[in-house]
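Below is model-v1.cif, which holds mmCIF, C-alpha atoms.
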```cif
data_input
loop_
_atom_site.label_atom_id
_atom_site.label_comp_id
_atom_site.auth_asym_id
_atom_site.auth_seq_id
_atom_site.Cartn_x
_atom_site.Cartn_y
_atom_site.Cartn_z
CA MET J 6 99.79 79.41 76.90
CA ALA J 7 98.23 77.21 74.35
CA ALA J 8 94.89 75.80 73.58
CA VAL J 9 93.80 72.75 71.70
CA SER J 10 90.52 72.37 69.99
CA PHE J 11 89.32 69.86 67.53
CA ARG J 12 88.89 72.50 64.90
CA LYS J 13 92.30 73.97 65.06
CA SER J 14 95.25 72.13 66.28
CA ALA J 15 98.69 72.56 64.87
CA ALA J 16 98.20 75.89 63.18
CA SER J 17 97.06 77.81 66.22
CA LEU J 18 99.41 75.93 68.47
CA LEU J 19 102.46 76.86 66.51
CA LEU J 20 101.78 80.51 67.15
CA CYS J 21 101.68 79.95 70.86
CA ARG J 22 104.89 78.07 71.18
CA GLY J 23 107.19 80.80 72.36
CA ARG J 24 104.94 81.73 75.22
CA LEU J 25 104.61 78.37 76.86
CA PRO J 26 104.70 78.89 80.59
CA GLY J 27 107.64 77.44 82.41
CA ALA J 28 109.81 77.36 79.36
CA GLY J 29 111.54 79.99 77.33
CA SER J 30 111.13 77.97 74.19
CA LEU J 31 109.90 74.62 73.08
CA CYS J 32 113.45 73.35 73.03
CA SER J 33 113.24 72.48 76.70
CA TYR J 34 110.34 70.11 76.10
CA HIS J 35 110.97 66.48 75.47
CA LYS J 36 110.26 65.32 71.92
CA LYS J 37 107.39 63.15 73.14
CA VAL J 38 105.72 66.20 74.64
CA VAL J 39 106.25 68.13 71.43
CA ASP J 40 104.79 65.26 69.44
CA HIS J 41 101.59 65.17 71.51
CA TYR J 42 101.49 68.93 71.52
CA GLU J 43 101.73 69.29 67.78
CA ASN J 44 99.61 66.25 66.96
CA PRO J 45 97.28 65.90 69.90
CA ARG J 46 95.37 62.60 69.88
CA ASN J 47 91.69 62.41 70.55
CA VAL J 48 90.93 66.10 70.82
CA GLY J 49 87.25 66.80 71.01
CA SER J 50 84.10 66.15 72.96
CA LEU J 51 81.65 63.34 73.58
CA ASP J 52 78.04 63.82 74.50
CA LYS J 53 78.25 64.52 78.20
CA ASN J 54 74.57 63.65 78.66
CA SER J 55 74.94 60.15 77.28
CA ARG J 56 74.66 57.42 79.92
CA ASN J 57 77.74 55.69 78.55
CA VAL J 58 79.93 58.77 78.76
CA GLY J 59 81.85 59.87 81.81
CA THR J 60 83.16 63.44 81.96
CA GLY J 61 86.03 64.64 84.09
CA LEU J 62 86.66 68.33 84.47
CA VAL J 63 89.64 69.50 86.50
CA GLY J 64 91.63 72.67 87.00
CA ALA J 65 94.98 73.60 88.47
CA PRO J 66 94.76 76.88 90.36
CA ALA J 67 98.50 77.44 90.51
CA CYS J 68 98.88 77.61 86.74
CA GLY J 69 95.28 78.25 85.71
CA ASP J 70 95.07 75.23 83.41
CA VAL J 71 91.74 73.54 82.74
CA MET J 72 91.33 70.01 81.40
CA LYS J 73 88.31 68.04 80.26
CA LEU J 74 88.60 64.31 79.68
CA GLN J 75 85.70 62.13 78.56
CA ILE J 76 85.38 58.38 78.21
CA GLN J 77 82.80 56.28 76.42
CA VAL J 78 82.22 52.83 77.86
CA ASP J 79 80.56 49.90 76.09
CA GLU J 80 78.18 47.37 77.63
CA HIS J 81 81.08 45.14 78.69
CA GLY J 82 82.63 47.90 80.74
CA LYS J 83 85.39 48.56 78.24
CA ILE J 84 86.46 52.08 77.36
CA VAL J 85 85.90 52.34 73.62
CA ASP J 86 86.50 56.02 73.08
CA ALA J 87 88.14 58.92 74.88
CA LYS J 88 88.35 62.61 74.09
CA PHE J 89 89.99 65.57 75.75
CA LYS J 90 90.21 69.30 75.63
CA THR J 91 92.92 71.06 77.55
CA PHE J 92 93.60 74.74 77.87
CA GLY J 93 97.02 74.97 79.35
CA CYS J 94 100.69 74.47 78.77
CA GLY J 95 102.32 71.95 76.45
CA SER J 96 102.90 69.43 79.21
CA ALA J 97 99.25 69.53 80.28
CA ILE J 98 98.14 69.01 76.69
CA ALA J 99 100.58 66.16 76.17
CA SER J 100 99.61 64.53 79.48
CA SER J 101 95.91 64.53 78.66
CA SER J 102 96.52 63.46 75.07
CA LEU J 103 98.54 60.50 76.30
CA ALA J 104 95.93 59.74 78.96
CA THR J 105 93.21 59.37 76.31
CA GLU J 106 95.45 57.01 74.33
CA TRP J 107 96.10 54.90 77.38
CA VAL J 108 92.53 54.57 78.64
CA LYS J 109 91.19 53.41 75.30
CA GLY J 110 90.68 49.66 75.26
CA LYS J 111 91.03 49.38 79.02
CA SER J 112 88.30 48.38 81.46
CA VAL J 113 87.12 50.96 83.97
CA ASP J 114 89.07 49.21 86.73
CA GLU J 115 92.24 49.04 84.65
CA ALA J 116 91.98 52.70 83.76
CA LEU J 117 91.81 53.57 87.45
CA LYS J 118 95.28 52.15 87.84
CA ILE J 119 96.91 54.73 85.57
CA LYS J 120 99.23 56.82 87.71
CA ASN J 121 100.54 60.27 87.08
CA THR J 122 104.06 58.97 87.58
CA ASP J 123 103.59 56.65 84.58
CA ILE J 124 102.45 59.57 82.43
CA ALA J 125 105.33 61.75 83.65
CA LYS J 126 107.80 58.96 82.98
CA GLU J 127 106.50 58.31 79.50
CA LEU J 128 106.69 62.01 78.60
CA CYS J 129 109.94 62.62 80.51
CA LEU J 130 108.36 65.54 82.31
CA PRO J 131 110.72 67.65 84.42
CA PRO J 132 109.87 68.04 88.14
CA VAL J 133 108.29 71.49 87.63
CA LYS J 134 105.81 69.92 85.21
CA LEU J 135 104.82 66.93 87.30
CA HIS J 136 101.61 68.66 88.31
CA CYS J 137 100.47 68.50 84.68
CA SER J 138 100.53 64.71 84.82
CA MET J 139 98.68 64.84 88.16
CA LEU J 140 96.02 66.88 86.47
CA ALA J 141 95.66 64.19 83.79
CA GLU J 142 95.39 61.42 86.39
CA ASP J 143 92.76 63.39 88.27
CA ALA J 144 90.87 63.98 85.03
CA ILE J 145 90.78 60.23 84.33
CA LYS J 146 89.59 59.55 87.88
CA ALA J 147 86.93 62.26 87.63
CA ALA J 148 85.67 60.87 84.30
CA LEU J 149 85.51 57.31 85.66
CA SER J 150 83.74 58.46 88.77
CA ASP J 151 81.21 60.43 86.73
CA TYR J 152 80.56 57.33 84.62
CA ARG J 153 80.09 55.13 87.69
CA ILE J 154 77.71 57.59 89.30
CA LYS J 155 75.63 57.62 86.12
CA GLN J 156 75.51 53.82 86.03
CA ARG J 157 74.63 53.53 89.70
CA ASP J 158 71.88 56.11 89.45
CA GLU J 159 70.41 54.24 86.52
CA LYS J 160 70.22 50.97 88.40
CA LYS J 161 68.24 52.53 91.20
CA MET S 14 97.62 84.02 112.94
CA LEU S 15 97.53 87.74 112.85
CA SER S 16 94.84 88.78 110.48
CA LEU S 17 95.76 90.79 107.46
CA ASN S 18 93.38 93.44 108.51
CA ARG S 19 94.93 93.97 111.88
CA LEU S 20 98.32 93.89 110.31
CA ARG S 21 97.35 96.48 107.80
CA ILE S 22 95.97 98.76 110.47
CA ALA S 23 99.04 98.27 112.60
CA LEU S 24 101.33 99.00 109.72
CA SER S 25 99.48 102.02 108.50
CA ALA S 26 99.41 103.36 112.05
CA ARG S 27 103.14 103.04 112.12
CA ALA S 28 103.38 104.65 108.76
CA ALA S 29 101.35 107.58 110.05
CA LEU S 30 103.54 107.85 113.09
CA HIS S 31 106.72 107.90 111.07
CA PRO S 32 105.89 109.12 107.64
CA ASN S 33 109.51 109.17 106.59
CA ARG S 34 110.26 105.71 107.73
CA PRO S 35 109.53 102.81 105.50
CA VAL S 36 107.09 100.46 107.10
CA CYS S 37 108.39 97.06 107.85
CA ALA S 38 106.63 94.12 106.36
CA PRO S 39 104.74 91.34 107.99
CA LYS S 40 105.59 89.44 111.04
CA ALA S 41 108.17 86.80 111.37
CA GLY S 42 107.17 83.18 111.32
CA SER S 43 105.42 83.10 108.02
CA ARG S 44 108.10 84.66 105.96
CA PRO S 45 108.89 83.11 102.62
CA ALA S 46 111.97 81.00 102.42
CA HIS S 47 114.04 83.67 100.76
CA SER S 48 113.64 86.00 103.68
CA LEU S 49 115.90 84.24 106.10
CA PRO S 50 118.64 86.51 107.35
CA ASN S 51 121.72 85.88 105.34
CA ARG S 52 125.10 85.10 106.70
CA ASP S 53 126.51 88.20 105.23
CA ALA S 54 124.08 90.33 107.18
CA TRP S 55 124.85 88.48 110.35
CA HIS S 56 128.52 88.87 109.72
CA ARG S 57 128.18 92.58 109.24
CA LYS S 58 126.16 92.92 112.38
CA VAL S 59 128.63 91.07 114.51
CA THR S 60 131.71 92.70 113.20
CA ALA S 61 130.25 96.14 112.89
CA LYS S 62 131.61 97.91 115.96
CA ALA S 63 133.03 97.14 119.33
CA PRO S 64 130.53 96.80 122.18
CA GLY S 65 129.59 100.08 123.74
CA GLU S 66 129.79 101.95 120.52
CA GLU S 67 126.64 102.63 118.66
CA ARG S 68 125.81 99.81 116.31
CA GLY S 69 123.38 101.53 114.13
CA LEU S 70 120.63 100.95 116.65
CA THR S 71 120.23 104.56 117.69
CA TRP S 72 117.21 105.23 115.57
CA CYS S 73 115.59 102.11 116.83
CA THR S 74 115.66 103.18 120.44
CA GLY S 75 114.46 106.74 120.06
CA PRO S 76 111.20 107.79 121.64
CA GLY S 77 108.20 106.36 119.93
CA LEU S 78 110.30 104.10 117.82
CA ARG S 79 110.47 101.25 120.23
CA THR S 80 107.75 99.42 118.38
CA PHE S 81 110.12 99.08 115.47
CA CYS S 82 112.66 97.18 117.43
CA THR S 83 111.78 93.70 116.37
CA SER S 84 114.65 91.45 115.51
CA ARG S 85 113.82 92.02 111.88
CA VAL S 86 114.40 95.71 112.04
CA GLN S 87 117.47 95.34 114.12
CA GLN S 88 118.86 93.25 111.34
CA GLY S 89 118.07 96.21 109.18
CA CYS S 90 120.10 98.48 111.43
CA TRP S 91 123.20 97.67 109.56
CA ASN S 92 126.36 99.55 109.01
CA CYS S 93 127.72 100.49 105.66
CA TRP S 94 130.02 97.82 104.28
CA ASN S 95 132.31 100.52 102.99
CA CYS S 96 132.60 103.22 105.65
CA ASN S 97 131.14 101.29 108.56
CA LEU S 98 128.84 104.11 109.60
CA PRO S 99 125.27 103.15 110.48
CA LEU S 100 122.92 103.16 107.54
CA GLY S 101 120.18 104.53 109.75
CA GLN S 102 117.24 103.45 107.65
CA THR S 103 115.81 100.40 106.05
CA PRO S 104 115.83 99.46 103.28
CA ALA S 105 119.07 101.30 102.66
CA PHE S 106 120.09 101.38 99.02
CA PHE S 107 122.93 103.80 99.57
CA CYS S 108 125.02 104.87 102.53
CA ARG S 109 124.10 108.36 103.59
CA SER S 110 127.68 109.15 104.51
CA CYS S 111 129.84 107.73 101.75
CA LYS S 112 127.01 107.38 99.16
CA VAL S 113 128.09 103.87 98.24
CA VAL S 114 125.53 101.31 97.08
CA GLN S 115 124.56 98.71 99.69
CA PRO S 116 123.74 95.04 99.27
CA PRO S 117 120.03 94.11 99.30
CA GLU S 118 118.48 93.64 102.70
CA GLU S 119 117.50 90.01 102.79
CA GLY S 120 114.05 89.42 104.13
CA ALA S 121 112.70 92.84 103.26
CA SER S 122 109.28 92.44 101.77
CA TYR S 123 108.52 93.86 98.35
CA PHE S 124 106.14 96.33 99.97
CA HIS S 125 108.95 97.51 102.18
CA ILE S 126 111.39 97.81 99.28
CA MET S 127 108.90 99.74 97.18
CA ASP S 128 107.88 101.92 100.14
CA CYS S 129 104.23 100.95 99.74
CA ASP S 130 101.62 100.33 102.40
CA TYR S 131 100.98 96.68 103.03
CA THR S 132 97.59 96.62 101.41
CA PHE S 133 96.00 94.94 98.41
CA THR S 134 94.77 98.22 96.96
CA LEU S 135 98.09 99.89 96.81
CA ASP S 136 98.77 103.10 94.99
CA THR S 137 100.15 101.85 91.66
CA GLN S 138 101.04 105.36 90.59
CA LYS S 139 103.22 105.72 93.62
CA LEU S 140 104.65 102.27 93.02
CA GLN S 141 105.67 103.21 89.52
CA THR S 142 107.22 106.49 90.61
CA ARG S 143 109.20 104.70 93.26
CA TYR S 144 110.26 102.05 90.76
CA LEU S 145 111.57 104.58 88.26
CA GLN S 146 113.27 106.57 90.97
CA LEU S 147 115.02 103.49 92.36
CA GLN S 148 116.06 102.16 88.98
CA ARG S 149 117.47 105.55 88.01
CA SER S 150 119.89 105.34 90.89
CA LEU S 151 120.44 101.58 91.10
CA HIS S 152 120.74 100.57 87.47
CA PRO S 153 124.01 98.70 86.83
CA ASP S 154 124.83 101.08 83.97
CA ASN S 155 125.58 103.71 86.58
CA PHE S 156 128.21 101.51 88.14
CA SER S 157 130.38 100.50 85.21
CA GLN S 158 133.26 102.61 86.52
CA LYS S 159 132.81 101.50 90.11
CA SER S 160 134.37 98.64 92.06
CA GLU S 161 133.40 95.05 91.42
CA LYS S 162 131.54 94.87 94.70
CA GLU S 163 129.48 97.95 93.90
CA GLN S 164 128.65 96.54 90.48
CA GLU S 165 127.54 93.32 92.06
CA TYR S 166 125.38 95.10 94.64
CA SER S 167 123.79 97.36 92.06
CA GLU S 168 122.96 94.35 89.93
CA SER S 169 121.30 92.48 92.75
CA GLN S 170 119.50 95.58 94.02
CA SER S 171 118.27 96.43 90.56
CA ALA S 172 117.07 92.87 89.96
CA LEU S 173 115.31 92.80 93.31
CA VAL S 174 113.56 96.10 92.61
CA ASN S 175 112.44 94.74 89.23
CA LYS S 176 111.04 91.64 90.87
CA ALA S 177 109.31 93.63 93.59
CA TYR S 178 107.77 95.99 91.04
CA LYS S 179 106.58 93.20 88.78
CA THR S 180 105.05 91.33 91.71
CA LEU S 181 103.22 94.31 93.17
CA ARG S 182 102.09 95.88 89.90
CA LYS S 183 99.23 93.50 89.09
CA PRO S 184 96.51 92.63 91.59
CA LEU S 185 96.82 88.88 90.97
CA SER S 186 100.56 88.60 91.63
CA ARG S 187 100.27 91.11 94.47
CA GLY S 188 97.49 89.11 96.12
CA LEU S 189 99.34 85.83 95.68
CA TYR S 190 102.43 87.42 97.18
CA MET S 191 100.43 88.66 100.17
CA LEU S 192 99.10 85.13 100.70
CA GLU S 193 102.62 83.80 100.44
CA LEU S 194 103.76 86.24 103.13
CA GLU S 195 100.96 84.87 105.26
CA GLY S 196 102.24 81.35 104.61
CA MET S 197 99.27 80.51 102.41
CA GLY S 198 100.54 80.20 98.87
CA ILE S 199 98.43 78.35 96.32
CA GLU S 200 99.64 74.76 96.11
CA GLU S 201 100.30 73.00 92.88
CA GLY S 202 97.91 70.26 91.98
CA THR S 203 94.30 69.83 91.18
CA ASP S 204 91.77 72.35 92.30
CA SER S 205 89.58 70.49 94.73
CA GLY S 206 87.85 73.69 95.78
CA ALA S 207 86.67 74.74 92.33
CA ASP S 208 83.13 73.73 91.58
CA ALA S 209 82.21 71.91 88.38
CA GLU S 210 80.05 74.78 87.23
CA PHE S 211 82.92 77.23 87.40
CA LEU S 212 85.26 74.88 85.54
CA MET S 213 82.59 74.27 82.92
CA GLU S 214 82.19 77.99 82.44
CA LEU S 215 85.96 78.35 81.97
CA MET S 216 85.92 75.53 79.47
CA GLU S 217 83.13 77.22 77.52
CA ILE S 218 84.87 80.60 77.47
CA ASN S 219 88.07 78.94 76.29
CA GLU S 220 86.20 77.12 73.56
CA ALA S 221 84.37 80.23 72.47
CA LEU S 222 87.64 82.10 72.31
CA ASP S 223 89.26 79.33 70.36
CA GLU S 224 86.47 79.34 67.84
CA ALA S 225 86.13 83.13 67.63
CA GLN S 226 86.59 84.22 64.04
CA THR S 227 86.09 87.95 64.28
CA LEU S 228 87.57 90.80 66.26
CA GLU S 229 84.13 91.51 67.59
CA GLU S 230 83.74 88.07 69.12
CA ALA S 231 87.20 88.21 70.67
CA ASN S 232 86.61 91.72 71.97
CA LYS S 233 83.42 90.61 73.64
CA ILE S 234 85.31 87.91 75.53
CA ALA S 235 88.04 90.41 76.37
CA GLN S 236 85.49 92.80 77.86
CA ASP S 237 83.74 90.04 79.82
CA THR S 238 87.01 88.78 81.23
CA LYS S 239 88.11 92.28 82.14
CA GLY S 240 84.87 92.80 84.02
CA LYS S 241 85.21 89.51 85.85
CA LEU S 242 88.78 90.31 86.84
CA ALA S 243 87.74 93.72 88.14
CA ASP S 244 84.96 92.07 90.12
CA LEU S 245 87.27 89.45 91.56
CA THR S 246 89.84 92.11 92.47
CA GLU S 247 87.19 93.97 94.41
CA GLN S 248 86.06 90.83 96.20
CA THR S 249 89.62 89.85 97.01
CA ASP S 250 90.22 93.27 98.50
CA ALA S 251 87.14 92.91 100.68
CA ALA S 252 88.21 89.44 101.82
CA LEU S 253 91.73 90.58 102.65
CA ARG S 254 90.41 93.58 104.55
CA LYS S 255 88.34 91.25 106.67
CA GLY S 256 91.29 88.93 107.12
CA GLU S 257 89.45 86.10 105.37
CA LEU S 258 92.50 84.49 103.88
CA GLN S 259 90.83 81.30 102.70
CA THR S 260 88.25 83.28 100.78
CA ALA S 261 90.97 85.46 99.32
CA LYS S 262 92.86 82.36 98.26
CA ALA S 263 89.84 80.92 96.46
CA LEU S 264 89.20 84.25 94.74
CA LEU S 265 92.81 84.57 93.66
CA ALA S 266 92.66 81.08 92.17
CA GLN S 267 89.66 82.18 90.13
CA MET S 268 91.61 85.25 89.11
CA LYS S 269 94.44 83.05 87.89
CA TYR S 270 92.10 81.19 85.53
CA GLN S 271 90.61 84.44 84.27
CA ALA S 272 94.07 85.98 83.84
CA ASN S 273 95.04 83.01 81.68
CA ILE S 274 92.00 83.66 79.51
CA GLU S 275 92.96 87.33 79.35
CA GLU S 276 96.40 86.34 78.05
CA LYS S 277 94.86 84.09 75.42
CA VAL S 278 92.47 86.83 74.37
CA LYS S 279 95.42 89.12 73.79
CA GLU S 280 97.06 86.50 71.60
CA LYS S 281 93.85 85.96 69.73
CA LEU S 282 93.35 89.67 69.17
CA SER S 283 96.83 90.05 67.77
CA GLN S 284 96.16 87.15 65.40
CA LEU S 285 92.91 88.65 64.23
CA MET S 286 94.19 92.16 63.77
#
```

Encoded form (structure tokens):
Amino acid sequence: MAAVSFRKSAASLLLCRGRLPGAGSLCSYHKKVVDHYENPRNVGSLDKNSRNVGTGLVGAPACGDVMKLQIQVDEHGKIVDAKFKTFGCGSAIASSSLATEWVKGKSVDEALKIKNTDIAKELCLPPVKLHCSMLAEDAIKAALSDYRIKQRDEKK
Amino acid sequence: MLSLNRLRIALSARAALHPNRPVCAPKAGSRPAHSLPNRDAWHRKVTAKAPGEERGLTWCTGPGLRTFCTSRVQQGCWNCWNCNLPLGQTPAFFCRSCKVVQPPEEGASYFHIMDCDYTFTLDTQKLQTRYLQLQRSLHPDNFSQKSEKEQEYSESQSALVNKAYKTLRKPLSRGLYMLELEGMGIEEGTDSGADAEFLMELMEINEALDEAQTLEEANKIAQDTKGKLADLTEQTDAALRKGELQTAKALLAQMKYQANIEEKVKEKLSQLM
């Protein structure tokens, strides 16, 4: 079990390595997962009350992982920033880290097209870890939907 | 679907009727995949004895025992692979006649193996006693001078007992196992049932734990989590007693999240100490 926060990343993560669920050691993780795990991109939070920020919060009951993914959208509908916080296994952290990298620079509609299979393929996730990439896809969708609801409510 | 509650009552009634007989686990139909009768068992049953001779079914047909004679239990009425005499009880770890270790009974539930009542609030003291007692006799170390077959059976029996004990020991794994027996395991994937508030709370606890700098702060989270888990255990028990499986499932999912936090607290505490 591992946790990522913007204050501590690598140092606290290294201690957790051996106890990653679903793997005896980190050796069974693909190097891309390890890379995201040790140097997670875009860890942190955005102001969830801001009208330009969409927040997605999802959990996986089977493994007990929780993931928060936030996007900041500019006036042209382009995602200019993305942040995440994931409390879960290495694959969940890597999936959400990659997801934030991918959504940045995309329009809301383009970001909706990101599929979990693309994330899983990029990270070479084994079948038992596919649900981690699903969690990331659902987090993106939840964040986009939160953003859209905020925009719609504002127009009213 | 037979409610858990009714099942529990039925099983405990049977247990009361036959205190020395292990109570058989849940009904057929919703058994987990691993519980299908194995070929080996079938083979033994068929080749056991010629028709007309007793086939280890005697105890099944005795007065008052008729209720036990489901196909499941009949599968359990095996004969010893070594001396061919009926084993006479289920689960049979050893033959009563020749004292030789038997292969695991496929399909026996962990409750059955550990001789525990099929209930969420099982007697963990009794479970542990049974575990130690079984491992004392089944541990592979006791079989190093025995035949290859006996070594193999002791290994698989010992591993099965370990798994059964581990599963039943903690309320979370026990509850999840009970749901699985009812054909209601928690699916992988995103939690559509969890409300945003609950997830937010989890996020906040995780963050607070991550940022905790002192033993005191970490201990506070440990205590809170412990309390929540105890609460959830109680609620799960109530739901299972009422046969409210969906509620139990939702509660067990919450327990899973809290158990993860508990694990992280332990790590944190060991770092801080």

Could you please select, counting all atoms listed in the file, the residues of chain S within 10 Å of chain J and state them as an mmCIF file with C-alpha atoms, in the coordinates of the input?
```cif
data_model
loop_
_atom_site.group_PDB
_atom_site.id
_atom_site.type_symbol
_atom_site.label_atom_id
_atom_site.label_comp_id
_atom_site.auth_asym_id
_atom_site.auth_seq_id
_atom_site.Cartn_x
_atom_site.Cartn_y
_atom_site.Cartn_z
ATOM 1 C CA LEU S 189 99.340 85.830 95.680
ATOM 2 C CA GLY S 198 100.540 80.200 98.870
ATOM 3 C CA ILE S 199 98.430 78.350 96.320
ATOM 4 C CA GLU S 200 99.640 74.760 96.110
ATOM 5 C CA GLU S 201 100.300 73.000 92.880
ATOM 6 C CA GLY S 202 97.910 70.260 91.980
ATOM 7 C CA THR S 203 94.300 69.830 91.180
ATOM 8 C CA ASP S 204 91.770 72.350 92.300
ATOM 9 C CA SER S 205 89.580 70.490 94.730
ATOM 10 C CA GLY S 206 87.850 73.690 95.780
ATOM 11 C CA ALA S 207 86.670 74.740 92.330
ATOM 12 C CA ASP S 208 83.130 73.730 91.580
ATOM 13 C CA ALA S 209 82.210 71.910 88.380
ATOM 14 C CA GLU S 210 80.050 74.780 87.230
ATOM 15 C CA PHE S 211 82.920 77.230 87.400
ATOM 16 C CA LEU S 212 85.260 74.880 85.540
ATOM 17 C CA MET S 213 82.590 74.270 82.920
ATOM 18 C CA LEU S 215 85.960 78.350 81.970
ATOM 19 C CA MET S 216 85.920 75.530 79.470
ATOM 20 C CA ASN S 219 88.070 78.940 76.290
ATOM 21 C CA GLU S 220 86.200 77.120 73.560
ATOM 22 C CA LEU S 222 87.640 82.100 72.310
ATOM 23 C CA ASP S 223 89.260 79.330 70.360
ATOM 24 C CA GLU S 224 86.470 79.340 67.840
ATOM 25 C CA LYS S 262 92.860 82.360 98.260
ATOM 26 C CA ALA S 263 89.840 80.920 96.460
ATOM 27 C CA LEU S 265 92.810 84.570 93.660
ATOM 28 C CA ALA S 266 92.660 81.080 92.170
ATOM 29 C CA GLN S 267 89.660 82.180 90.130
ATOM 30 C CA MET S 268 91.610 85.250 89.110
ATOM 31 C CA LYS S 269 94.440 83.050 87.890
ATOM 32 C CA TYR S 270 92.100 81.190 85.530
ATOM 33 C CA GLN S 271 90.610 84.440 84.270
ATOM 34 C CA ALA S 272 94.070 85.980 83.840
ATOM 35 C CA ASN S 273 95.040 83.010 81.680
ATOM 36 C CA ILE S 274 92.000 83.660 79.510
ATOM 37 C CA GLU S 276 96.400 86.340 78.050
ATOM 38 C CA LYS S 277 94.860 84.090 75.420
ATOM 39 C CA GLU S 280 97.060 86.500 71.600
ATOM 40 C CA LYS S 281 93.850 85.960 69.730
ATOM 41 C CA GLN S 284 96.160 87.150 65.400
#
```

CA of Glu161 (chain S) and CA of Gln148 (chain S), how far apart in Å?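 CA of Gln148 (chain S) sits 18.9 Å away from CA of Glu161 (chain S).
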
Please write the residues picked by the PyMOL selection byres ((chain J and resi 48-60) around 8) on this file as a list in words.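 Checked against the file, the PyMOL selection byres ((chain J and resi 48-60) around 8) matches Val9, Ser10, Phe11, Pro45, Arg46, Asn47, Gly61, Leu62, Lys73, Leu74, Gln75, Ile76, Gln77, Val78, Asp79, Ala87, Lys88, Phe89, Lys90, Ser102, Ala147, Ala148, Leu149, Ser150, Asp151, Tyr152, Arg153, Lys155 and Gln156 of chain J.
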
Hey, what comes out of the PyMOL selection byres ((chain J and resi 104-120) around 6) on this file? Could you write it as JSON, numbers by chain? {"J": [82, 83, 84, 85, 86, 87, 101, 102, 103, 121, 122, 123]}

Distance in Å - CA of Phe156 (chain S) versus CA of Ser122 (chain S): 25.0 Å

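The coordinates place CA of Lys139 (chain S) at 20.7 Å from CA of Phe107 (chain S).
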
Nearby residues (only C-alpha atoms) at most 12 Å from Lys183 (chain S), same-chain spacing under 6 positions excluded, as an MDAnalysis selection string: chainID S and resid 133:137 140:141 177 189:190 242:243 246 265 268:269 272

Convert the output of the PyMOL selection byres ((chain J and resi 128) around 10) on the shown file into explicit residues, formatted as number ranges by chain. J: 34-41, 96, 99-100, 103, 122-127, 129-131, 138

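Near Glu275 (chain S), within 8 Å and counting all atoms listed in the file, sit S:Ala235, S:Thr238, S:Lys239, S:Gln271, S:Ala272, S:Val278, S:Lys279, not including residues fewer than 3 positions from it in the same chain.
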